[in-house]
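Chemist: entry-v9.cif (mmCIF, C-alpha atoms) pasted underneath:
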```cif
data_structure
loop_
_atom_site.label_atom_id
_atom_site.label_comp_id
_atom_site.auth_asym_id
_atom_site.auth_seq_id
_atom_site.Cartn_x
_atom_site.Cartn_y
_atom_site.Cartn_z
CA MET R 4 -53.95 8.82 11.45
CA ALA R 5 -52.04 11.43 13.39
CA ARG R 6 -49.64 13.66 11.60
CA ILE R 7 -46.22 12.09 11.31
CA LYS R 8 -43.57 13.69 13.44
CA VAL R 9 -40.12 13.43 11.98
CA HIS R 10 -38.28 13.30 15.27
CA GLU R 11 -40.33 10.24 16.12
CA LEU R 12 -39.40 8.70 12.80
CA ARG R 13 -35.74 9.06 13.53
CA THR R 14 -35.99 6.78 16.53
CA LYS R 15 -37.44 3.94 14.49
CA SER R 16 -35.47 1.14 12.93
CA LYS R 17 -35.06 0.63 9.21
CA THR R 18 -37.58 -2.23 8.94
CA GLU R 19 -40.15 -0.24 10.86
CA LEU R 20 -39.62 2.72 8.57
CA LEU R 21 -39.97 0.56 5.49
CA ASN R 22 -43.19 -0.91 6.81
CA GLN R 23 -44.53 2.53 7.49
CA LEU R 24 -43.58 3.54 4.00
CA LYS R 25 -45.52 0.61 2.59
CA GLU R 26 -48.63 1.50 4.56
CA LEU R 27 -48.45 5.12 3.48
CA LYS R 28 -48.06 4.17 -0.14
CA ALA R 29 -51.01 1.80 0.05
CA GLU R 30 -53.06 4.58 1.61
CA LEU R 31 -52.02 6.93 -1.15
CA ALA R 32 -53.14 4.41 -3.75
CA LEU R 33 -56.58 4.25 -2.15
CA LEU R 34 -56.81 8.00 -2.04
CA ARG R 35 -55.93 8.32 -5.68
CA VAL R 36 -58.66 5.87 -6.57
CA ALA R 37 -61.04 7.95 -4.49
CA LYS R 38 -59.96 11.05 -6.35
CA VAL R 39 -60.85 9.48 -9.68
CA THR R 40 -64.18 8.09 -8.52
CA GLY R 41 -65.30 11.35 -6.94
CA GLY R 42 -64.43 10.82 -3.30
CA ALA R 43 -65.28 12.92 -0.30
CA PRO R 44 -63.36 16.21 0.11
CA ASN R 45 -61.75 15.08 3.34
CA LYS R 46 -60.16 12.25 1.43
CA LEU R 47 -58.98 14.52 -1.33
CA SER R 48 -57.30 16.90 1.07
CA LYS R 49 -55.54 13.99 2.73
CA ILE R 50 -53.60 13.24 -0.43
CA LYS R 51 -51.17 16.06 0.16
CA VAL R 52 -50.61 15.04 3.76
CA VAL R 53 -49.84 11.48 2.80
CA ARG R 54 -47.50 12.49 0.01
CA LEU R 55 -45.53 14.71 2.33
CA SER R 56 -45.28 12.03 4.99
CA ILE R 57 -44.00 9.57 2.40
CA ALA R 58 -41.33 12.10 1.51
CA GLN R 59 -40.43 12.56 5.16
CA VAL R 60 -40.08 8.84 5.73
CA LEU R 61 -37.90 8.46 2.66
CA THR R 62 -35.74 11.35 3.77
CA VAL R 63 -35.20 9.83 7.19
CA ILE R 64 -34.40 6.45 5.67
CA SER R 65 -31.80 7.88 3.34
CA GLN R 66 -30.27 10.10 6.01
CA LYS R 67 -29.88 7.15 8.33
CA GLN R 68 -28.38 5.07 5.57
CA LYS R 69 -25.85 7.75 4.65
CA ALA R 70 -24.85 8.20 8.28
CA ALA R 71 -24.35 4.47 8.72
CA LEU R 72 -22.25 4.29 5.55
CA ARG R 73 -20.06 7.14 6.65
CA GLU R 74 -19.44 5.34 9.92
CA ALA R 75 -18.53 2.18 8.06
CA TYR R 76 -16.04 3.99 5.87
CA LYS R 77 -14.51 6.13 8.58
CA LYS R 78 -11.25 4.23 8.96
CA LYS R 79 -10.78 3.31 5.35
CA LYS R 80 -8.45 5.02 2.95
CA PHE R 81 -10.71 5.28 -0.06
CA LEU R 82 -14.23 6.62 0.18
CA PRO R 83 -16.97 6.05 -2.34
CA LEU R 84 -17.42 9.07 -4.54
CA ASP R 85 -20.72 10.21 -3.11
CA LEU R 86 -19.29 10.26 0.41
CA ARG R 87 -16.43 12.53 -0.58
CA PRO R 88 -16.89 16.30 -0.23
CA LYS R 89 -18.76 17.61 -3.23
CA LYS R 90 -17.90 21.36 -3.29
CA THR R 91 -17.24 22.17 -6.95
CA ARG R 92 -15.29 20.35 -9.63
CA ALA R 93 -12.62 23.06 -9.74
CA ILE R 94 -12.19 23.11 -5.98
CA ARG R 95 -11.76 19.35 -5.89
CA ARG R 96 -8.96 19.62 -8.41
CA ARG R 97 -7.03 22.29 -6.56
CA LEU R 98 -3.90 21.51 -4.56
CA THR R 99 -4.66 20.63 -1.00
CA LYS R 100 -3.61 23.05 1.67
CA HIS R 101 -0.74 20.81 2.63
CA GLN R 102 0.41 20.36 -0.94
CA ALA R 103 0.34 24.08 -1.63
CA SER R 104 2.36 24.91 1.49
CA LEU R 105 5.24 22.54 0.72
CA LYS R 106 8.59 24.26 0.34
CA THR R 107 11.97 23.06 -0.74
CA GLU R 108 14.64 22.75 1.90
CA ARG R 109 16.50 25.55 0.24
CA GLU R 110 13.52 27.86 0.36
CA SER R 111 12.71 27.12 3.96
CA LYS R 112 16.31 27.79 4.96
CA LYS R 113 16.26 31.08 3.13
CA GLU R 114 13.13 32.11 4.96
CA LYS R 115 14.64 31.16 8.24
CA TYR R 116 17.92 32.99 7.85
CA PHE R 117 16.78 35.98 5.83
CA PRO R 118 13.25 36.78 6.90
CA LYS R 119 11.45 39.71 5.37
CA ARG R 120 12.05 42.70 7.57
CA LYS R 121 9.67 45.45 8.12
CA SER R 122 10.96 48.93 8.46
CA ALA R 123 9.44 52.34 8.69
CA ILE R 124 10.70 55.83 8.55
CA LYS R 125 10.28 57.79 11.70
CA VAL R 126 8.33 60.93 11.08
CA MET B 18 57.95 -25.84 -7.62
CA ALA B 19 55.20 -23.33 -7.11
CA PRO B 20 55.68 -20.98 -10.06
CA PRO B 21 55.83 -23.62 -12.77
CA ALA B 22 52.80 -25.36 -11.20
CA LYS B 23 50.90 -22.12 -11.21
CA ALA B 24 51.76 -21.43 -14.78
CA THR B 25 50.57 -24.81 -15.93
CA THR B 26 47.25 -24.54 -14.08
CA LYS B 27 46.60 -21.10 -15.46
CA LYS B 28 47.28 -21.93 -19.03
CA PRO B 29 44.86 -24.78 -19.66
CA ASP B 30 42.10 -22.90 -17.90
CA PRO B 31 41.42 -20.24 -20.49
CA LYS B 32 42.62 -22.49 -23.28
CA ALA B 33 40.46 -25.36 -22.20
CA ARG B 34 37.46 -23.05 -21.96
CA ALA B 35 38.10 -21.71 -25.39
CA LEU B 36 38.35 -25.20 -26.80
CA LYS B 37 35.13 -26.16 -25.06
CA ALA B 38 33.30 -23.19 -26.50
CA ALA B 39 34.49 -23.96 -30.01
CA LYS B 40 33.32 -27.53 -29.65
CA ALA B 41 29.88 -26.42 -28.48
CA VAL B 42 29.39 -24.06 -31.38
CA LYS B 43 30.42 -26.74 -33.82
CA SER B 44 28.09 -29.37 -32.44
CA GLY B 45 25.12 -27.01 -32.09
CA ALA B 46 24.49 -27.50 -28.36
CA SER B 47 21.18 -26.55 -26.86
CA THR B 48 22.65 -23.73 -24.82
CA LEU B 49 23.75 -21.89 -27.92
CA LYS B 50 20.78 -22.69 -30.15
CA LYS B 51 19.60 -19.88 -32.38
CA LYS B 52 16.10 -18.57 -31.71
CA THR B 53 13.66 -20.26 -34.07
CA LYS B 54 11.55 -17.94 -36.21
CA LYS B 55 7.78 -18.12 -35.67
CA ILE B 56 5.89 -19.40 -38.69
CA ARG B 57 3.07 -17.07 -39.74
CA THR B 58 0.29 -18.76 -41.62
CA SER B 59 -1.97 -15.71 -42.07
CA VAL B 60 -1.46 -12.29 -43.61
CA THR B 61 -3.32 -10.43 -40.88
CA PHE B 62 -1.99 -9.86 -37.40
CA HIS B 63 -4.51 -10.53 -34.65
CA ARG B 64 -3.97 -9.35 -31.12
CA PRO B 65 -2.86 -12.34 -29.05
CA LYS B 66 -5.01 -13.24 -26.08
CA THR B 67 -3.55 -11.70 -22.96
CA LEU B 68 -4.47 -11.95 -19.31
CA THR B 69 -7.79 -10.34 -18.38
CA LYS B 70 -8.38 -9.82 -14.70
CA GLU B 71 -11.71 -9.57 -12.97
CA ARG B 72 -12.73 -6.25 -11.50
CA ASN B 73 -11.68 -5.91 -7.91
CA PRO B 74 -12.27 -2.29 -6.93
CA LYS B 75 -10.64 -0.81 -3.90
CA TYR B 76 -13.80 1.11 -3.15
CA PRO B 77 -17.28 1.07 -4.63
CA ARG B 78 -18.02 4.12 -6.74
CA ILE B 79 -21.52 4.53 -5.32
CA SER B 80 -21.79 3.92 -1.61
CA ALA B 81 -25.10 2.09 -1.77
CA PRO B 82 -27.22 0.87 -4.67
CA PRO B 83 -30.17 3.22 -5.31
CA ARG B 84 -33.63 2.14 -4.26
CA ASN B 85 -36.04 0.80 -6.84
CA LYS B 86 -38.02 3.81 -7.93
CA LEU B 87 -40.49 1.83 -10.04
CA ASP B 88 -42.20 -0.22 -7.37
CA HIS B 89 -45.76 -1.55 -7.58
CA TYR B 90 -47.26 1.59 -6.12
CA GLN B 91 -45.56 3.70 -8.70
CA ILE B 92 -46.55 1.46 -11.59
CA LEU B 93 -50.32 1.41 -11.09
CA LYS B 94 -51.38 4.98 -10.67
CA TYR B 95 -55.17 4.86 -10.62
CA PRO B 96 -57.96 3.15 -12.46
CA LEU B 97 -59.81 4.83 -15.25
CA THR B 98 -63.50 5.47 -14.55
CA THR B 99 -64.80 6.79 -17.83
CA GLU B 100 -67.97 5.40 -19.33
CA SER B 101 -66.16 3.27 -21.83
CA ALA B 102 -63.92 1.92 -19.09
CA MET B 103 -66.96 1.05 -17.01
CA LYS B 104 -68.44 -0.71 -19.99
CA LYS B 105 -65.29 -2.76 -20.33
CA ILE B 106 -65.48 -3.82 -16.72
CA GLU B 107 -69.01 -5.11 -17.14
CA ASP B 108 -68.90 -6.61 -20.60
CA ASN B 109 -65.36 -7.71 -21.24
CA ASN B 110 -64.27 -8.60 -17.73
CA THR B 111 -61.39 -6.17 -17.87
CA LEU B 112 -60.00 -3.42 -15.73
CA VAL B 113 -58.55 -0.24 -17.11
CA PHE B 114 -55.69 1.44 -15.27
CA ILE B 115 -53.55 4.44 -15.83
CA VAL B 116 -50.05 3.14 -15.56
CA ASP B 117 -46.56 4.59 -15.41
CA LEU B 118 -44.98 5.07 -18.80
CA ARG B 119 -41.88 3.10 -17.92
CA ALA B 120 -43.77 -0.03 -16.93
CA ASP B 121 -43.90 -2.95 -19.30
CA LYS B 122 -46.60 -5.60 -19.53
CA LYS B 123 -44.76 -8.06 -17.36
CA LYS B 124 -44.28 -5.51 -14.61
CA ILE B 125 -47.90 -4.46 -14.85
CA LYS B 126 -49.06 -8.03 -14.50
CA ALA B 127 -46.91 -8.52 -11.42
CA ALA B 128 -48.02 -5.24 -9.88
CA VAL B 129 -51.69 -5.97 -10.34
CA LYS B 130 -51.20 -9.38 -8.80
CA LYS B 131 -49.37 -7.96 -5.81
CA MET B 132 -51.63 -5.03 -5.12
CA TYR B 133 -55.06 -6.39 -5.87
CA ASP B 134 -54.62 -10.15 -5.86
CA ILE B 135 -55.78 -10.38 -9.45
CA GLN B 136 -54.45 -12.92 -11.88
CA ALA B 137 -54.42 -11.10 -15.19
CA LYS B 138 -54.92 -13.28 -18.20
CA LYS B 139 -53.77 -10.71 -20.71
CA VAL B 140 -52.46 -7.18 -20.63
CA ASN B 141 -52.88 -4.67 -23.41
CA THR B 142 -51.18 -1.33 -23.24
CA LEU B 143 -51.39 1.86 -25.17
CA ILE B 144 -49.79 5.26 -24.75
CA ARG B 145 -52.20 8.15 -24.30
CA VAL B 146 -51.14 11.20 -26.16
CA ARG B 147 -54.03 12.84 -27.89
CA VAL B 148 -56.37 14.36 -25.38
CA TYR B 149 -53.96 14.93 -22.56
CA PRO B 150 -50.85 16.49 -23.99
CA ASN B 151 -49.27 17.11 -20.62
CA GLN B 152 -49.58 13.61 -19.38
CA THR B 153 -47.73 10.66 -20.75
CA GLN B 154 -49.36 7.63 -19.28
CA ARG B 155 -50.07 4.15 -20.36
CA SER B 156 -53.48 2.68 -19.87
CA LEU B 157 -53.77 -1.01 -19.45
CA LYS B 158 -56.60 -3.38 -19.72
CA ALA B 159 -56.23 -6.38 -17.50
CA PRO B 160 -58.71 -9.16 -18.04
CA GLN B 161 -59.28 -11.33 -15.03
CA GLU B 162 -59.03 -15.03 -15.24
CA ASN B 163 -61.91 -15.86 -13.00
CA GLY B 164 -65.36 -14.58 -13.62
CA GLY B 165 -65.42 -11.95 -10.92
CA TYR B 166 -64.64 -8.31 -11.36
CA VAL B 167 -63.83 -5.57 -8.96
CA CYS B 168 -66.20 -2.68 -8.75
CA TRP B 169 -64.26 0.40 -7.91
CA GLY B 170 -67.11 2.01 -6.08
CA GLN B 171 -66.89 -0.56 -3.35
CA ILE B 172 -63.30 0.04 -2.38
CA ASN B 173 -64.14 3.34 -0.74
#
```
Write out the structure in this file as structure tokens.

Modeler:
Amino acid sequence: MARIKVHELRTKSKTELLNQLKELKAELALLRVAKVTGGAPNKLSKIKVVRLSIAQVLTVISQKQKAALREAYKKKKFLPLDLRPKKTRAIRRRLTKHQASLKTERESKKEKYFPKRKSAIKV
Amino acid sequence: MAPPAKATTKKPDPKARALKAAKAVKSGASTLKKKTKKIRTSVTFHRPKTLTKERNPKYPRISAPPRNKLDHYQILKYPLTTESAMKKIEDNNTLVFIVDLRADKKKIKAAVKKMYDIQAKKVNTLIRVRVYPNQTQRSLKAPQENGGYVCWGQIN
């Protein structure tokens, strides 16, 4: 089996990826049996390769799924919690930029009519 | 004769209404009935049943349900090939596997059936702790219903 290339994986559909995952896992099961029963070294070294390719396939599957979900929720008002920006707990609880910049009518008028002037003394 | 007519029509209006009200109170009409007191037959007060609505979330909390992490491949890790295990294969018509700790007998039975096409008659499990302190695995013995057994050497 040739080494899996991730950019090829990304072109595949979900069912194809799941099938590939199944095959890889079956292969891994065989290899593990071989490990226990004293298999050939070429089999033993293949274990790592297969494990990594399983991880790659799973990563591609989950990335595709997330992207599709984000598309589905693009227009909606409420997002599921794992699609919202994670950042940190404190940052999520801060005022948004818009909320922090709100001013009362009085304050904005004051700023408009009496702006802060800058002056300097001529040397 | 407008003014006297007006006076006469005005007078009975409030008076007639007042008379009507007095009559109603006297006769105990339904519109003026006093609120009846609820009879309590028990000393304790239990919360009355109120409306309970079904959940109807505006958005799911998790965007997609997580994949099943304990699938058949994860359950059956590898077979045991020690001498005693080999003996069991020959004499007792059983197979010995190392199995994930979170798997129960039902899941093991299903996994063995799916992966190796074996109908297990009985599954025993035990948790290995003594010799291998780092590993926590369950071994299972799966007797086969039919007479045949699988020799692990042949799979390779």

Chemist: For B:Phe114, which residue among R:Arg35, R:Lys28, R:Lys15, R:Arg97 is the nearest when counting only C-alpha atoms?

Modeler: R:Arg35

Chemist: Once the PyMOL selection byres ((chain B) within 6 of (chain R)) has been evaluated on this model, what residues remain selected, and can you format them as a PDB file with C-alpha atoms, keeping the file's coordinate frame?

Modeler:
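selection-v1.pdb was written with the following content:
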```pdb
ATOM      1  CA  TYR B  76     -13.800   1.110  -3.150  1.00  0.00           C
ATOM      2  CA  PRO B  77     -17.280   1.070  -4.630  1.00  0.00           C
ATOM      3  CA  ARG B  78     -18.020   4.120  -6.740  1.00  0.00           C
ATOM      4  CA  ILE B  79     -21.520   4.530  -5.320  1.00  0.00           C
ATOM      5  CA  SER B  80     -21.790   3.920  -1.610  1.00  0.00           C
ATOM      6  CA  TYR B  95     -55.170   4.860 -10.620  1.00  0.00           C
TER       7      TYR B  95
END
```

Chemist: For R:Thr18, find every residue with an atom within 12 Å (counting all atoms listed in the file), except residues of its own chain fewer than 6 positions away, and show them as an mmCIF file with C-alpha atoms, keeping the file's coordinate frame.

Modeler:
```cif
data_model
loop_
_atom_site.group_PDB
_atom_site.id
_atom_site.type_symbol
_atom_site.label_atom_id
_atom_site.label_comp_id
_atom_site.auth_asym_id
_atom_site.auth_seq_id
_atom_site.Cartn_x
_atom_site.Cartn_y
_atom_site.Cartn_z
ATOM 1 C CA LEU R 12 -39.400 8.700 12.800
ATOM 2 C CA LEU R 24 -43.580 3.540 4.000
ATOM 3 C CA LYS R 25 -45.520 0.610 2.590
ATOM 4 C CA VAL R 60 -40.080 8.840 5.730
ATOM 5 C CA ILE R 64 -34.400 6.450 5.670
#
```

Chemist: Work out how far atom CA of B:Thr111 is from atom CA of B:Met132, in Å to one decimal.

Modeler: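 It comes out at 16.1 Å.
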
Chemist: For atom CA of B:Thr98 and atom CA of B:Asn110, determine how far apart the two atoms are, in Å to one decimal place.

Modeler: 14.4 Å
